[in-house]
Structures are given as structure tokens and as C-alpha cells.
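Asks: After the C-alpha cells below, expect a handful of questions from me.
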Amino acid sequence: GAAVAIRGIGTDGSNSGVEQSVTINIDGVQVSRGRALWQSYFDLEQVEILKGPQALFFGKNSPAGVISLTSKSPTDEFEAYARIGYEFRADEIIGEGAISGPLTETLGARLAVRARNMQGFMKNNAQPIANPSPTQPPLLPGAVNERPGERELTSRLTLEYDGDSPFSASFKILGGKYEDDGAMSRIELVNCASGSAVLRSVTGRVIPDPVADCRPDWTKTATDITPEVAAGFLNGRDGTQYTDQKSVITSLTLNYEFDNFQLTSISGYHYSDTRYLMNNDWSSFGSIFASEHENYDAYSQELRLLSNFDGPVNFMVGGYYQKTDLLFERSVKLDDVPVDPATGKYQWMDLLSGTKGKTYSVFGQLIWDISDRLELAGGARWTREEKDSFTGNTFVNPAVIANFPLRTILTDFKDNDISPEATLTWRPTDEMMIYGAYKRGYKSGGAGIGAIVSATLTKDQLDFAAEKAKGFELGTRLQLIDRRLLISATAYRYTYSDLQLNAFDTATSGFFVRNAAKARQTGLETEVSWYATDQLVMRGALAYNRSRYTSFPNAQCYSGQTAAQGCVFGGQDLSGRPTALAPDWSGNLGFTYTEAVINNFMMQLSGDAIYSDDYIASNTQSPAHVQGSFVKFNASLRLFPEDERWALALIGRNLTNKKVLVSMQDRPGGVGDTRGTLNRPREILLEISTRF
């Protein structure tokens, strides 16, 4: 999946049963699956980042924040653009274009397409070798794709109707297909407890890996799966690691203007189908493999009525409904076992899991203009969540059936919540705004269907509680020096209860969700934009964010953690420790300079430095899971004529080739070993674009 965090609060994307704490909103449709983000990020009108709990305006609540993407609409006149770029390190070709204009006097259309083909920036060193296990096929194939690559094709069609009547409508359909050479293709072995890569299987075998280097360097060692073994896997194909994802997001927005009211209807549909096959022990002697298939459907309907009276008081009321259906099937092999003579399967088990959910909510807000300079807005959302989940083994190898019997666990979740929100806004001058807000946020609980179903697994281990947030923030926005200097500052303090955290359990090679009893954020953020001259723009930001667990006595132990290190009765106490992906300090500083050169041509130079303090990159908080502080540099140079009909750009990202681990987890099959996801290495992109 995808993991997104705002102010150190987010959700690991590795468990299909957990929705994101940071919600993605695409053209008015609320999407709780992080994978939707990559598909939508092109031909955009604007991107909004709403930090902290959001209760009123974006469908289901979000306790950590919302990323709202709004795509471009059809234009009144014909226009088109095309852009193609080539990135040299990964041998990546990126193409994008759109055509837009009126079909009739009242109907406009826009079609945008994006395509991408990347050979890959990672290297997989696994070579064909003899299989040391007597119960398996004699040859391990190594890595078929020595440079794991990615392919993507996405398109969006928009139709908008806007006539002389009070009625207007917009329909958008976004469809995409994404493929890569393994769901774990960007993950590598970054640290080994023994100093070298050793596969310690769950049955006690100890096998050194002659190729793996145990350091972050965009190099991995992960053999593909023997075709005979993959043949028995659900979605195993020929044993070559892969990801295959198809998705569709549609939105239909209807607006009707009355004399003093606006009625808005937003109908949404999100479909996603993802299949993948992966090596889960990152070794040349791969014995831990999994194939998975996730199918997800979500229908949503929102109605809003907004008043527009001339008086000081107005209101907004609405209702929201969502129906979701998630089906999740897997084949899992945790070690080498003899083939099942009845089925020819080498895996330990096949599992089938699913969740059906319904969400009902009503919400309202009252807006009171106390004076020309002072406004009070307050409201609340009532939410009802219902989820029915199941998970169970549909096949178990006879060699392990004593510990993993054929069984299914049923679980359900029902909950009600009321989340109020109030904001007092004061505008002492036209150039200054000061506000104070109280906010609450909510995300439903459910069942962690990513767990392996063992003989001892219970319903209580699958269930997790709803996540809630509440707190205050105080902020100001300033426009100075004839609005050439823009300053914003926000101070906040939020408390999170039952924070949902996903962690990998190496003992069972499954993911479990545990609720952190309480976490607290206290912070201050400042942003500055200075239009110094007509040619020079300066920008910068600095944030202090103290995000700590105030109570988390039953956190998942990390791999190899002993009682002396704090692992007691299968849990550790993380109270007082930082939350994951939450540096205390972060910031950026940059500029853009535009100048006329020769023959009516313009040159634009841009540069940015991005700083992050050190942070914990996993929920288990192993001492090996720390990313140190770093600074990254980006820069670009553009050349274009004054009419901007075309442009040539040279773009550099991560110019110092800084290695930054954005996620870490314990490695299956290696006690105390760490797998991690690195950012991309230095990127040099040459791009040509034109407009019609």
C-alpha cells in the first residue's frame, strides 16, 4: 500500500484491514486507501494539505489530516499541452498530456493522459543457485529482473455542464493500470544483527547469504520463486515477482442554486484490484514467499445544503453514506516444507479474508459574522460505522496443519461518534487574520485481516478500537509589504487516543494492529513566501513537532528484543517515546529566479534545501530503525520563450545522493535484521513541454 503521515501521525499500508489516518480526497471523493495517491497526481488544479483532525468537509472523518486533490476542469476555449521527460539514473520515460475545450455552448470536456516506464534504480543481485533444501525443487532461479522496474498508464476524462439555468454538473472518471517487478522491489536489507545476512528460518535452519550486503545502497538480494512452487500459489503466475494494479475513481457532482441556498450532491465510486507475488525474506535462498490479491469497492453519496443569506448567520447541513467491500486472498510460505501430495502445493496455507462496511453520518455547521472583522463557525459530525469481517485458512499443508488448522474467525465492529469543531476568526486588518480552533477527529476500528490464522489466534487479537483525536490550534496569516511578503504561523496541541498502529510479528510473519492508548502532539509551524522582486521569489518553512506516546504499555516487541531490553510477556512499553515518522525539527529553504536572456527567451532557476531531524522509521522502535538527520537538495533550470509555448527543463532531485529510509520493518527469517525502503537516489530529468 502506501503510508502517509502528517505531523508524525499516519498509518502503515501493510495491513489491508486498516484505513488511513490521513485521508485522500480526489475531486470530492473520500478514499481511505493510500494507493490511490500515485494514480491521481497529474493534471491538477490544486493540492490542499489540511493538517490535524478534519470532521466536517471531507466525507468520513480523518484524525490526522486530509490531502485533497482537485483536477483541472474543461476550459472555455480549446487548449492542449504535452510533456515528455527522461530520467537518466532509472532510465525512466514520463509522458503527460491533455486536451480541453467546449463541446457545445453548455458542455465542456477535458481528457488527460499520463504514461511512465522505468527500467529501475534498484539492483537485485540474486543469482541462480542450487537449493539447499531437500524438500524443494533443486534450483532457485535468482532474479529474473536484475533492475526492478515500473510501468504506469493513467487517464482522466472530465465532462462539465454549465448553462444559463441554476443547475450545473461535473463528471470525472479516473482509470489507471500500474505494474512493477515486485511489491517489495523498493525494499532492501539495510541492517543485519550479526553483521552479515543469515536466513534463520522458523524451523531452525541457518543459511548464510553469500551476496546480500546488509546496508542501504539501493541494492537487494531476493530470488524469484521456483515455478513449481509458484504454480500452487493463488496468483503465483510463473514465479517472477510482480505487482499488477487496476483502479477506477469516479465522481459526479451536481449543484443547484436557489435564491438563498446551494444544494450539492457528490456521488463517488472507487474500485481497486491489486495482485502481487513477493519474496519476503530478501535472500538468495528464499523460503518465505507470499502472493496476495486485494479487491476493493467503495460507493459513497454526500448531500450538502449551504445557505447564502445577506444577514450575519448562515449554515451548512448534510449527510454522508458509504458502502465498502474488501476481499483479500493470500498464499503464504513461511519455510520449506514437503509438497502436499494431494494438491501439489508447497505453501503452508491459503487464506481468504474480507470486510464489508457501512458508514452513515450527518453533519452541520453554523457560521456567524459577529462583525465585519469577527466570525464564529461551529459544527459537528455524527458518525455510525458498521463492519463485518472474516479471515480463515482455506488450505493448509499437512506438515503444519497442527499449528495452522482449517478455521475461520468472524468479527464485527459497530460504533457511534460525535466530533465537534469550532473556529473563531478575527481579521483586524485586510492584511491580517488570526484564528483559534478546537477540533476532534475519528477513524473507525475494525479487524486486522493481515494476520496469519494460527491455532492460537483469537478474535480479540484481530480486533482494534476506533482512533480519536482532539485538541486546539492557534494561527495567523499575514500579508505585508503590499502583499509581497506572506507569513503564516500555527501552534497546536492534539491528543490521540487508541492510535491504530500496524506492526510486523516475525514469529508468525503476520501483521497485527495494536492501539496506542494515548499520544500527544505539541508543535509550531511557520511558513514564509517573499516576492523580493519581479524576478526573485524566496520561500522557507520551519516546524517543531513534539509527538510522543503518553501511554503505550502493550506495544509490539521488535525482532530479537529480550526481557532485559524491555520485551515482557510479548510486549514493550513505549510510553514517552516519539511516534514513528515524527522528527522534532524539519524545514526547507528555497528560491526561484526568472530573468530575460537573449532573443525574447526567459530563464528560470530554482533551488530548494530540505532538512529533517532524526526520526524512528517503524512502529516497533528497534534501535536499528532510526533514520539520522539529513539535508537534501533539489534544483531546476528552465528555458522558454515569453509566450511560454514550449519549455526545456533540466531537473535535479536529491542532488547529493542522500540515502534516506522512509520506512523500516523487522525482517522475516532474520532475528534482529531490518528491511527498509530508501528514497530514490539522485535524479537528473530532462523535460520538454509544449502548449497549444
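Letters for chains follow the order of the C-alpha cells (A, B, ...), residue numbers begin at 1 for each chain, and ligand numbers begin at 1 in the order shown.
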Using backbone DSSP assignments, extract all strand (DSSP E) residues from region 455-545 of chain A; output them as an MDAnalysis selection string.
Replies: chainID A and resid 463:464 467:480 485:505 510:531 536:545
Asks: Which residue gives the smallest distance to Tyr360 (chain A) among A:Ser444, A:Thr23, A:Asn403, A:Asn397, with only C-alpha atoms counted?
Replies: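 Among the listed residues, the smallest separation from Tyr360 (chain A) belongs to A:Ser444.
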Asks: Which residues come within 10 Å of region 164-173 of chain A, counting only C-alpha atoms, excluding same-chain residues fewer than 3 positions away, as number ranges by chain?
Replies: A: 27, 71, 73-74, 106-111, 155-161, 248-259, 262-270
